[in-house]
file my_file_29.pdb (PDB, C-alpha atoms)
ATOM      1  CA  HIS A   1     -67.289  70.049 -23.199  1.00  0.00           C
ATOM      2  CA  GLN A   2     -65.000  72.540 -24.920  1.00  0.00           C
ATOM      3  CA  HIS A   3     -67.977  74.655 -25.953  1.00  0.00           C
ATOM      4  CA  TYR A   4     -69.112  75.054 -22.348  1.00  0.00           C
ATOM      5  CA  LEU A   5     -65.550  75.807 -21.232  1.00  0.00           C
ATOM      6  CA  ASP A   6     -65.334  78.543 -23.871  1.00  0.00           C
ATOM      7  CA  SER A   7     -68.515  80.039 -22.421  1.00  0.00           C
ATOM      8  CA  ILE A   8     -67.134  79.942 -18.867  1.00  0.00           C
ATOM      9  CA  ILE A   9     -63.833  81.501 -19.957  1.00  0.00           C
ATOM     10  CA  THR A  10     -65.763  84.288 -21.677  1.00  0.00           C
ATOM     11  CA  ILE A  11     -67.460  85.047 -18.356  1.00  0.00           C
ATOM     12  CA  LEU A  12     -64.414  84.346 -16.139  1.00  0.00           C
ATOM     13  CA  PRO A  13     -61.372  85.073 -18.329  1.00  0.00           C
ATOM     14  CA  LYS A  14     -58.996  85.405 -15.371  1.00  0.00           C
ATOM     15  CA  ASP A  15     -59.836  82.161 -13.602  1.00  0.00           C
ATOM     16  CA  PRO A  16     -56.830  79.825 -14.138  1.00  0.00           C
ATOM     17  CA  PHE A  17     -58.815  76.700 -13.256  1.00  0.00           C
ATOM     18  CA  TYR A  18     -61.004  76.882 -16.343  1.00  0.00           C
ATOM     19  CA  LEU A  19     -58.040  77.683 -18.572  1.00  0.00           C
ATOM     20  CA  GLN A  20     -56.300  74.565 -17.290  1.00  0.00           C
ATOM     21  CA  GLN A  21     -59.483  72.556 -17.849  1.00  0.00           C
ATOM     22  CA  LYS A  22     -59.589  73.878 -21.414  1.00  0.00           C
ATOM     23  CA  ALA A  23     -55.984  72.785 -21.942  1.00  0.00           C
ATOM     24  CA  MET A  24     -56.227  69.274 -20.491  1.00  0.00           C
ATOM     25  CA  PRO A  25     -58.315  67.602 -23.260  1.00  0.00           C
ATOM     26  CA  LEU A  26     -56.067  69.168 -25.892  1.00  0.00           C
ATOM     27  CA  PHE A  27     -53.010  67.525 -24.344  1.00  0.00           C
ATOM     28  CA  LYS A  28     -54.795  64.186 -24.339  1.00  0.00           C
ATOM     29  CA  GLN A  29     -55.480  64.711 -28.063  1.00  0.00           C
ATOM     30  CA  LYS A  30     -51.729  65.423 -28.515  1.00  0.00           C
ATOM     31  CA  LYS A  31     -52.477  69.026 -29.504  1.00  0.00           C
ATOM     32  CA  TYR A  32     -49.700  70.269 -27.261  1.00  0.00           C
ATOM     33  CA  GLU A  33     -49.138  73.713 -28.725  1.00  0.00           C
ATOM     34  CA  LEU A  34     -52.840  74.544 -28.540  1.00  0.00           C
ATOM     35  CA  GLY A  35     -53.061  73.255 -24.983  1.00  0.00           C
ATOM     36  CA  LEU A  36     -50.070  75.318 -23.900  1.00  0.00           C
ATOM     37  CA  ILE A  37     -51.738  78.530 -25.067  1.00  0.00           C
ATOM     38  CA  TYR A  38     -54.358  78.052 -22.347  1.00  0.00           C
ATOM     39  CA  LEU A  39     -52.041  76.527 -19.769  1.00  0.00           C
ATOM     40  CA  ASN A  40     -49.483  79.325 -20.149  1.00  0.00           C
ATOM     41  CA  LYS A  41     -52.271  81.823 -19.497  1.00  0.00           C
ATOM     42  CA  ALA A  42     -53.330  79.853 -16.410  1.00  0.00           C
ATOM     43  CA  VAL A  43     -49.744  79.985 -15.136  1.00  0.00           C
ATOM     44  CA  GLU A  44     -49.620  83.763 -15.672  1.00  0.00           C
ATOM     45  CA  LEU A  45     -52.825  84.268 -13.683  1.00  0.00           C
ATOM     46  CA  ASP A  46     -52.092  81.784 -10.893  1.00  0.00           C
ATOM     47  CA  THR A  47     -50.655  83.092  -7.611  1.00  0.00           C
ATOM     48  CA  THR A  48     -49.962  79.665  -6.076  1.00  0.00           C
ATOM     49  CA  ASN A  49     -47.696  78.056  -8.745  1.00  0.00           C
ATOM     50  CA  PHE A  50     -50.066  75.062  -8.803  1.00  0.00           C
ATOM     51  CA  TYR A  51     -50.451  75.361 -12.568  1.00  0.00           C
ATOM     52  CA  ARG A  52     -46.738  75.880 -13.089  1.00  0.00           C
ATOM     53  CA  GLU A  53     -45.996  72.458 -11.617  1.00  0.00           C
ATOM     54  CA  TYR A  54     -48.711  70.990 -13.827  1.00  0.00           C
ATOM     55  CA  ARG A  55     -47.109  72.667 -16.853  1.00  0.00           C
ATOM     56  CA  ALA A  56     -43.719  71.223 -15.882  1.00  0.00           C
ATOM     57  CA  PHE A  57     -45.292  67.761 -15.714  1.00  0.00           C
ATOM     58  CA  ILE A  58     -46.961  68.273 -19.103  1.00  0.00           C
ATOM     59  CA  LYS A  59     -43.676  69.326 -20.700  1.00  0.00           C
ATOM     60  CA  CYS A  60     -41.958  66.223 -19.329  1.00  0.00           C
ATOM     61  CA  ILE A  61     -44.532  63.481 -19.916  1.00  0.00           C
ATOM     62  CA  PHE A  62     -46.828  64.784 -22.668  1.00  0.00           C
ATOM     63  CA  GLN A  63     -44.893  67.287 -24.765  1.00  0.00           C
ATOM     64  CA  LYS A  64     -41.530  65.575 -24.162  1.00  0.00           C
ATOM     65  CA  ASN A  65     -39.775  68.916 -24.143  1.00  0.00           C
ATOM     66  CA  TYR A  66     -37.148  67.768 -21.658  1.00  0.00           C
ATOM     67  CA  THR A  67     -34.967  70.874 -21.742  1.00  0.00           C
ATOM     68  CA  GLU A  68     -37.861  73.139 -20.779  1.00  0.00           C
ATOM     69  CA  ALA A  69     -39.219  70.599 -18.290  1.00  0.00           C
ATOM     70  CA  ASN A  70     -35.821  70.497 -16.605  1.00  0.00           C
ATOM     71  CA  GLN A  71     -35.764  74.294 -16.375  1.00  0.00           C
ATOM     72  CA  GLU A  72     -39.304  74.378 -14.970  1.00  0.00           C
ATOM     73  CA  PHE A  73     -38.480  71.825 -12.278  1.00  0.00           C
ATOM     74  CA  ASP A  74     -35.275  73.686 -11.414  1.00  0.00           C
ATOM     75  CA  TRP A  75     -37.357  76.764 -10.674  1.00  0.00           C
ATOM     76  CA  LEU A  76     -39.966  74.792  -8.716  1.00  0.00           C
ATOM     77  CA  ILE A  77     -37.321  73.000  -6.630  1.00  0.00           C
ATOM     78  CA  SER A  78     -35.744  76.352  -5.785  1.00  0.00           C
ATOM     79  CA  LYS A  79     -39.099  77.407  -4.296  1.00  0.00           C
ATOM     80  CA  TYR A  80     -40.461  74.115  -2.931  1.00  0.00           C
ATOM     81  CA  SER A  81     -37.753  71.513  -2.431  1.00  0.00           C
ATOM     82  CA  ASN A  82     -40.225  68.847  -1.331  1.00  0.00           C
ATOM     83  CA  GLY A  83     -42.864  69.527  -3.971  1.00  0.00           C
ATOM     84  CA  ILE A  84     -45.049  66.735  -5.354  1.00  0.00           C
ATOM     85  CA  VAL A  85     -46.955  66.636  -8.642  1.00  0.00           C
ATOM     86  CA  MET A  86     -48.899  63.675 -10.039  1.00  0.00           C
ATOM     87  CA  ASP A  87     -47.792  61.381  -7.187  1.00  0.00           C
ATOM     88  CA  HIS A  88     -44.062  61.983  -7.610  1.00  0.00           C
ATOM     89  CA  THR A  89     -41.490  64.449  -6.357  1.00  0.00           C
ATOM     90  CA  TYR A  90     -40.208  67.241  -8.533  1.00  0.00           C
ATOM     91  CA  TYR A  91     -36.843  65.428  -8.338  1.00  0.00           C
ATOM     92  CA  PHE A  92     -38.360  62.388 -10.062  1.00  0.00           C
ATOM     93  CA  TYR A  93     -39.527  64.344 -13.094  1.00  0.00           C
ATOM     94  CA  LYS A  94     -36.285  66.280 -13.226  1.00  0.00           C
ATOM     95  CA  ALA A  95     -34.468  62.925 -13.232  1.00  0.00           C
ATOM     96  CA  LEU A  96     -36.619  61.708 -16.146  1.00  0.00           C
ATOM     97  CA  SER A  97     -35.873  64.882 -18.089  1.00  0.00           C
ATOM     98  CA  LEU A  98     -32.133  64.544 -17.484  1.00  0.00           C
ATOM     99  CA  LEU A  99     -32.220  60.848 -18.387  1.00  0.00           C
ATOM    100  CA  GLN A 100     -33.813  61.722 -21.717  1.00  0.00           C
ATOM    101  CA  LEU A 101     -31.090  64.298 -22.289  1.00  0.00           C
ATOM    102  CA  ASN A 102     -28.420  61.610 -21.600  1.00  0.00           C
ATOM    103  CA  ARG A 103     -27.224  63.484 -18.525  1.00  0.00           C
ATOM    104  CA  LEU A 104     -27.067  60.247 -16.593  1.00  0.00           C
ATOM    105  CA  ASP A 105     -25.032  61.251 -13.532  1.00  0.00           C
ATOM    106  CA  GLU A 106     -27.294  64.226 -12.917  1.00  0.00           C
ATOM    107  CA  ALA A 107     -30.375  62.042 -13.390  1.00  0.00           C
ATOM    108  CA  GLU A 108     -29.028  59.577 -10.827  1.00  0.00           C
ATOM    109  CA  ASP A 109     -28.406  62.387  -8.354  1.00  0.00           C
ATOM    110  CA  GLN A 110     -31.966  63.703  -8.700  1.00  0.00           C
ATOM    111  CA  LEU A 111     -33.498  60.257  -8.334  1.00  0.00           C
ATOM    112  CA  LYS A 112     -31.462  59.666  -5.180  1.00  0.00           C
ATOM    113  CA  LYS A 113     -33.016  62.846  -3.788  1.00  0.00           C
ATOM    114  CA  SER A 114     -36.445  61.439  -4.596  1.00  0.00           C
ATOM    115  CA  PHE A 115     -35.520  58.186  -2.835  1.00  0.00           C
ATOM    116  CA  LYS A 116     -34.376  60.168   0.200  1.00  0.00           C
ATOM    117  CA  TYR A 117     -37.693  61.994   0.337  1.00  0.00           C
ATOM    118  CA  SER A 118     -39.503  58.647   0.396  1.00  0.00           C
ATOM    119  CA  LEU A 119     -37.272  57.154   3.086  1.00  0.00           C
ATOM    120  CA  ASP A 120     -37.434  60.318   5.217  1.00  0.00           C
ATOM    121  CA  ASN A 121     -41.215  59.946   5.139  1.00  0.00           C
ATOM    122  CA  LYS A 122     -41.096  56.255   6.148  1.00  0.00           C
ATOM    123  CA  PHE A 123     -42.036  54.623   2.858  1.00  0.00           C
ATOM    124  CA  ASP A 124     -40.080  52.824   0.150  1.00  0.00           C
ATOM    125  CA  PRO A 125     -39.400  54.324  -3.275  1.00  0.00           C
ATOM    126  CA  ASN A 126     -42.154  53.129  -5.571  1.00  0.00           C
ATOM    127  CA  PRO A 127     -41.653  50.658  -8.454  1.00  0.00           C
ATOM    128  CA  THR A 128     -41.588  53.344 -11.148  1.00  0.00           C
ATOM    129  CA  GLU A 129     -38.766  55.219  -9.416  1.00  0.00           C
ATOM    130  CA  LEU A 130     -36.779  52.003  -8.873  1.00  0.00           C
ATOM    131  CA  PHE A 131     -37.352  51.110 -12.525  1.00  0.00           C
ATOM    132  CA  TYR A 132     -35.844  54.364 -13.732  1.00  0.00           C
ATOM    133  CA  MET A 133     -32.841  54.039 -11.455  1.00  0.00           C
ATOM    134  CA  GLY A 134     -32.316  50.656 -13.053  1.00  0.00           C
ATOM    135  CA  ILE A 135     -32.589  52.296 -16.471  1.00  0.00           C
ATOM    136  CA  ILE A 136     -29.930  54.858 -15.557  1.00  0.00           C
ATOM    137  CA  PHE A 137     -27.458  52.084 -14.707  1.00  0.00           C
ATOM    138  CA  TYR A 138     -28.549  50.115 -17.774  1.00  0.00           C
ATOM    139  CA  GLU A 139     -27.584  53.125 -19.891  1.00  0.00           C
ATOM    140  CA  LYS A 140     -24.295  53.385 -18.014  1.00  0.00           C
ATOM    141  CA  GLU A 141     -23.686  49.730 -18.948  1.00  0.00           C
ATOM    142  CA  GLN A 142     -23.414  48.850 -15.251  1.00  0.00           C
ATOM    143  CA  TYR A 143     -25.701  45.893 -15.714  1.00  0.00           C
ATOM    144  CA  GLU A 144     -25.316  44.154 -12.363  1.00  0.00           C
ATOM    145  CA  ILE A 145     -26.264  47.336 -10.499  1.00  0.00           C
ATOM    146  CA  ALA A 146     -29.170  47.856 -12.905  1.00  0.00           C
ATOM    147  CA  ILE A 147     -30.426  44.329 -12.156  1.00  0.00           C
ATOM    148  CA  LYS A 148     -30.351  45.079  -8.432  1.00  0.00           C
ATOM    149  CA  TYR A 149     -32.734  48.018  -8.949  1.00  0.00           C
ATOM    150  CA  PHE A 150     -34.951  46.043 -11.308  1.00  0.00           C
ATOM    151  CA  ASP A 151     -35.141  43.260  -8.710  1.00  0.00           C
ATOM    152  CA  ASP A 152     -36.089  45.767  -5.990  1.00  0.00           C
ATOM    153  CA  CYS A 153     -38.773  47.087  -8.318  1.00  0.00           C
ATOM    154  CA  LEU A 154     -40.064  43.593  -9.098  1.00  0.00           C
ATOM    155  CA  LYS A 155     -40.399  42.753  -5.403  1.00  0.00           C
ATOM    156  CA  GLN A 156     -43.165  45.359  -5.279  1.00  0.00           C
ATOM    157  CA  TYR A 157     -44.599  44.740  -8.746  1.00  0.00           C
ATOM    158  CA  PRO A 158     -43.655  41.207  -9.913  1.00  0.00           C
ATOM    159  CA  GLN A 159     -45.550  41.440 -13.213  1.00  0.00           C
ATOM    160  CA  PHE A 160     -43.901  44.717 -14.301  1.00  0.00           C
ATOM    161  CA  SER A 161     -43.136  43.751 -17.896  1.00  0.00           C
ATOM    162  CA  ASP A 162     -40.940  46.791 -18.625  1.00  0.00           C
ATOM    163  CA  ALA A 163     -38.653  46.077 -15.659  1.00  0.00           C
ATOM    164  CA  LEU A 164     -38.444  42.395 -16.616  1.00  0.00           C
ATOM    165  CA  TYR A 165     -37.598  43.365 -20.190  1.00  0.00           C
ATOM    166  CA  TYR A 166     -34.643  45.544 -19.218  1.00  0.00           C
ATOM    167  CA  LYS A 167     -33.506  42.959 -16.685  1.00  0.00           C
ATOM    168  CA  ALA A 168     -33.503  40.462 -19.570  1.00  0.00           C
ATOM    169  CA  LYS A 169     -31.443  42.870 -21.668  1.00  0.00           C
ATOM    170  CA  CYS A 170     -28.934  43.195 -18.817  1.00  0.00           C
ATOM    171  CA  LYS A 171     -28.691  39.408 -18.586  1.00  0.00           C
ATOM    172  CA  TYR A 172     -28.114  39.261 -22.327  1.00  0.00           C
ATOM    173  CA  TYR A 173     -25.270  41.786 -22.162  1.00  0.00           C
ATOM    174  CA  LEU A 174     -23.802  39.790 -19.262  1.00  0.00           C
ATOM    175  CA  LYS A 175     -23.732  36.779 -21.640  1.00  0.00           C
ATOM    176  CA  ASP A 176     -26.529  34.891 -19.870  1.00  0.00           C
ATOM    177  CA  LYS A 177     -28.658  34.300 -22.964  1.00  0.00           C
ATOM    178  CA  ILE A 178     -30.634  31.403 -21.507  1.00  0.00           C
ATOM    179  CA  GLN A 179     -31.856  33.477 -18.547  1.00  0.00           C
ATOM    180  CA  ALA A 180     -32.469  36.476 -20.825  1.00  0.00           C
ATOM    181  CA  LEU A 181     -34.705  34.425 -23.107  1.00  0.00           C
ATOM    182  CA  ALA A 182     -36.614  32.928 -20.161  1.00  0.00           C
ATOM    183  CA  LEU A 183     -37.256  36.414 -18.782  1.00  0.00           C
ATOM    184  CA  LEU A 184     -38.403  37.680 -22.165  1.00  0.00           C
ATOM    185  CA  LYS A 185     -41.014  34.941 -22.331  1.00  0.00           C
ATOM    186  CA  GLU A 186     -42.300  36.167 -18.951  1.00  0.00           C
ATOM    187  CA  VAL A 187     -42.297  39.686 -20.343  1.00  0.00           C
ATOM    188  CA  ARG A 188     -44.436  38.622 -23.301  1.00  0.00           C
ATOM    189  CA  SER A 189     -46.936  36.895 -21.024  1.00  0.00           C
ATOM    190  CA  TYR A 190     -47.286  39.780 -18.568  1.00  0.00           C
ATOM    191  CA  TYR A 191     -47.357  42.420 -21.304  1.00  0.00           C
ATOM    192  CA  SER A 192     -50.181  40.572 -23.077  1.00  0.00           C
ATOM    193  CA  GLN A 193     -52.136  40.740 -19.803  1.00  0.00           C
ATOM    194  CA  GLY A 194     -51.721  44.521 -19.641  1.00  0.00           C
ATOM    195  CA  TYR A 195     -48.977  44.768 -17.021  1.00  0.00           C
ATOM    196  CA  SER A 196     -46.748  47.731 -17.810  1.00  0.00           C
ATOM    197  CA  ILE A 197     -45.949  51.163 -16.381  1.00  0.00           C
ATOM    198  CA  ASN A 198     -48.976  51.818 -14.189  1.00  0.00           C
ATOM    199  CA  GLU A 199     -48.854  55.591 -13.948  1.00  0.00           C
ATOM    200  CA  ALA A 200     -52.323  57.081 -14.457  1.00  0.00           C
ATOM    201  CA  ASN A 201     -51.268  59.145 -17.479  1.00  0.00           C
ATOM    202  CA  ALA A 202     -49.611  56.177 -19.203  1.00  0.00           C
ATOM    203  CA  PHE A 203     -53.082  55.608 -20.694  1.00  0.00           C
ATOM    204  CA  TYR A 204     -52.548  58.758 -22.786  1.00  0.00           C
ATOM    205  CA  GLU A 205     -48.785  58.981 -23.225  1.00  0.00           C
ATOM    206  CA  ASP A 206     -45.870  56.562 -23.335  1.00  0.00           C
ATOM    207  CA  TYR A 207     -43.379  57.078 -20.557  1.00  0.00           C
ATOM    208  CA  PRO A 208     -39.638  56.965 -21.281  1.00  0.00           C
ATOM    209  CA  TYR A 209     -38.394  53.435 -22.003  1.00  0.00           C
ATOM    210  CA  GLN A 210     -41.913  51.985 -22.038  1.00  0.00           C
ATOM    211  CA  ILE A 211     -41.882  48.834 -24.160  1.00  0.00           C
ATOM    212  CA  LYS A 212     -44.130  47.728 -27.017  1.00  0.00           C
ATOM    213  CA  LYS A 213     -45.077  44.298 -28.324  1.00  0.00           C
ATOM    214  CA  TRP A 214     -42.788  44.601 -31.347  1.00  0.00           C
ATOM    215  CA  ILE A 215     -39.821  45.377 -29.054  1.00  0.00           C
ATOM    216  CA  ILE A 216     -40.464  42.180 -27.095  1.00  0.00           C
ATOM    217  CA  ASP A 217     -40.917  40.116 -30.255  1.00  0.00           C
ATOM    218  CA  ASP A 218     -37.706  41.481 -31.788  1.00  0.00           C
ATOM    219  CA  ALA A 219     -35.691  40.692 -28.661  1.00  0.00           C
ATOM    220  CA  ILE A 220     -37.081  37.145 -28.435  1.00  0.00           C
ATOM    221  CA  GLY A 221     -36.382  36.605 -32.143  1.00  0.00           C
ATOM    222  CA  GLN A 222     -32.826  37.898 -31.821  1.00  0.00           C
ATOM    223  CA  ILE A 223     -31.844  35.961 -28.712  1.00  0.00           C
ATOM    224  CA  GLY A 224     -33.792  32.846 -29.705  1.00  0.00           C
ATOM    225  CA  GLY A 225     -32.037  32.866 -33.063  1.00  0.00           C
ATOM    226  CA  GLU A 226     -28.642  33.097 -31.403  1.00  0.00           C
ATOM    227  CA  ASN A 227     -29.445  30.103 -29.241  1.00  0.00           C
TER     228      ASN A 227
END

call {"tool": "encode", "arguments": {"input": "my_file_29.pdb", "output": "structure tokens"}}
result
Amino acid sequence: HQHYLDSIITILPKDPFYLQQKAMPLFKQKKYELGLIYLNKAVELDTTNFYREYRAFIKCIFQKNYTEANQEFDWLISKYSNGIVMDHTYYFYKALSLLQLNRLDEAEDQLKKSFKYSLDNKFDPNPTELFYMGIIFYEKEQYEIAIKYFDDCLKQYPQFSDALYYKAKCKYYLKDKIQALALLKEVRSYYSQGYSINEANAFYEDYPYQIKKWIIDDAIGQIGGEN
């Protein structure tokens, strides 16, 4: 595949599409710096900013360079306030970047803008967005508000193991260890069936706060031992 792309790029060195296609498999192999060589060139040659929004997404989800991702989405929002990339608003990815930089109030503000976009267009915020709003309040130690967002998320996606896990953690910090342990057992069951963050690119990269089996087992061991 890469060999044929190299041949096409030799013939069409200024076509950003093939440069982006060259970059994509490298990102999925976690060769981020190599991939960015081609993607940066695609951005330089592109007149539509389509590849710039893709690069911003890559920096947020794949490369996990949250400072640069935040800067990229700032620029994109200044040009296209209602822009969408990979099924989410620019505000959503900016919120994720700010969350990972512990700028929680700013992350909340950006996610509220993403919610507003959804409601203005007559549809509910999706489970992933509600999950991350719950995470923001979890990090703020406002556990009852966090649970409200996790519950809203779970109404749409009842088997969402990550949301159930952080709801369990909130219950634990609110001193409800029995409910926390019961939820964690649900988490273990749903996680073992493959229910987790269902973004398409979660197959290649972990999203922020995505849980693992060992995290679930540790939490069950800790809380079960206390009981």

call {"tool": "closest_residue", "arguments": {"input": "my_file_29.pdb", "among": "A:Glu68, A:Glu33, A:Glu108, A:Asp152", "to": "A:Met133", "atoms": "all atoms listed in the file"}}
result
A:Glu108

call {"tool": "resolve_selection", "arguments": {"input": "my_file_29.pdb", "expression": "the PyMOL selection byres ((chain A and resi 72-88) around 12)", "output": "number ranges by chain"}}
result
A: 43, 48-61, 65-71, 89-98, 110-111, 113-118, 120-121, 125-129, 198-202

call {"tool": "resolve_selection", "arguments": {"input": "my_file_29.pdb", "expression": "the PyMOL selection byres ((chain A and resi 146-149) around 8)", "output": "JSON, numbers by chain"}}
result
{"A": [130, 131, 133, 134, 135, 136, 137, 138, 142, 143, 144, 145, 150, 151, 152, 153, 167, 170]}

call {"tool": "closest_residue", "arguments": {"input": "my_file_29.pdb", "among": "A:Ile216, A:Ser161, A:Tyr195, A:Lys64", "to": "A:Lys30", "atoms": "only C-alpha atoms"}}
result
A:Lys64

call {"tool": "residues_near_point", "arguments": {"input": "my_file_29.pdb", "point": "(-33.4, 30.4, -27.0)", "cutoff": "8 Å", "atoms": "only C-alpha atoms", "output": "list in words"}}
result
Lys177, Ile178, Leu181, Ala182, Ile220, Ile223, Gly224, Gly225, Glu226 and Asn227 of chain A

call {"tool": "residues_around", "arguments": {"input": "my_file_29.pdb", "residues": "A:Asp6", "least_positions_apart": "5", "cutoff": "9 Å", "atoms": "all atoms listed in the file", "output": "NGL selection string"}}
result
:A and (1 or 11 or 18 or 22)

call {"tool": "axis_aligned_box", "arguments": {"input": "my_file_29.pdb", "around": "stretch 112-118 of chain A", "padding_each_side": "4 Å", "output": "JSON"}}
result
{"center_x": -35.5, "center_y": 60.5, "center_z": -2.4, "size_x": 16.0, "size_y": 12.7, "size_z": 13.6}

call {"tool": "atom_distance", "arguments": {"input": "my_file_29.pdb", "atom1": "atom CA of A:Asp176", "atom2": "atom CA of A:Ile197"}}
result
25.6 Å

call {"tool": "resolve_selection", "arguments": {"input": "my_file_29.pdb", "expression": "the PyMOL selection byres ((chain A and resi 42) around 9)", "output": "PyMOL selection string"}}
result
chain A and resi 14-20+37-41+43-46+51-52

call {"tool": "atom_distance", "arguments": {"input": "my_file_29.pdb", "atom1": "atom CA of A:Asp218", "atom2": "atom CA of A:Lys169"}}
result
12.0 Å

call {"tool": "closest_residue", "arguments": {"input": "my_file_29.pdb", "among": "A:Tyr204, A:Tyr32, A:Tyr165, A:Tyr132", "to": "A:Leu183", "atoms": "only C-alpha atoms"}}
result
A:Tyr165

call {"tool": "atom_distance", "arguments": {"input": "my_file_29.pdb", "atom1": "atom CA of A:Ser196", "atom2": "atom CA of A:Asp162"}}
result
5.9 Å

call {"tool": "closest_residue", "arguments": {"input": "my_file_29.pdb", "among": "A:Lys140, A:Arg103, A:Lys213, A:Lys28", "to": "A:Leu184", "atoms": "all atoms listed in the file"}}
result
A:Lys213

call {"tool": "closest_residue", "arguments": {"input": "my_file_29.pdb", "among": "A:Asp206, A:Glu106, A:Asp217, A:Glu186", "to": "A:Phe62", "atoms": "all atoms listed in the file"}}
result
A:Asp206
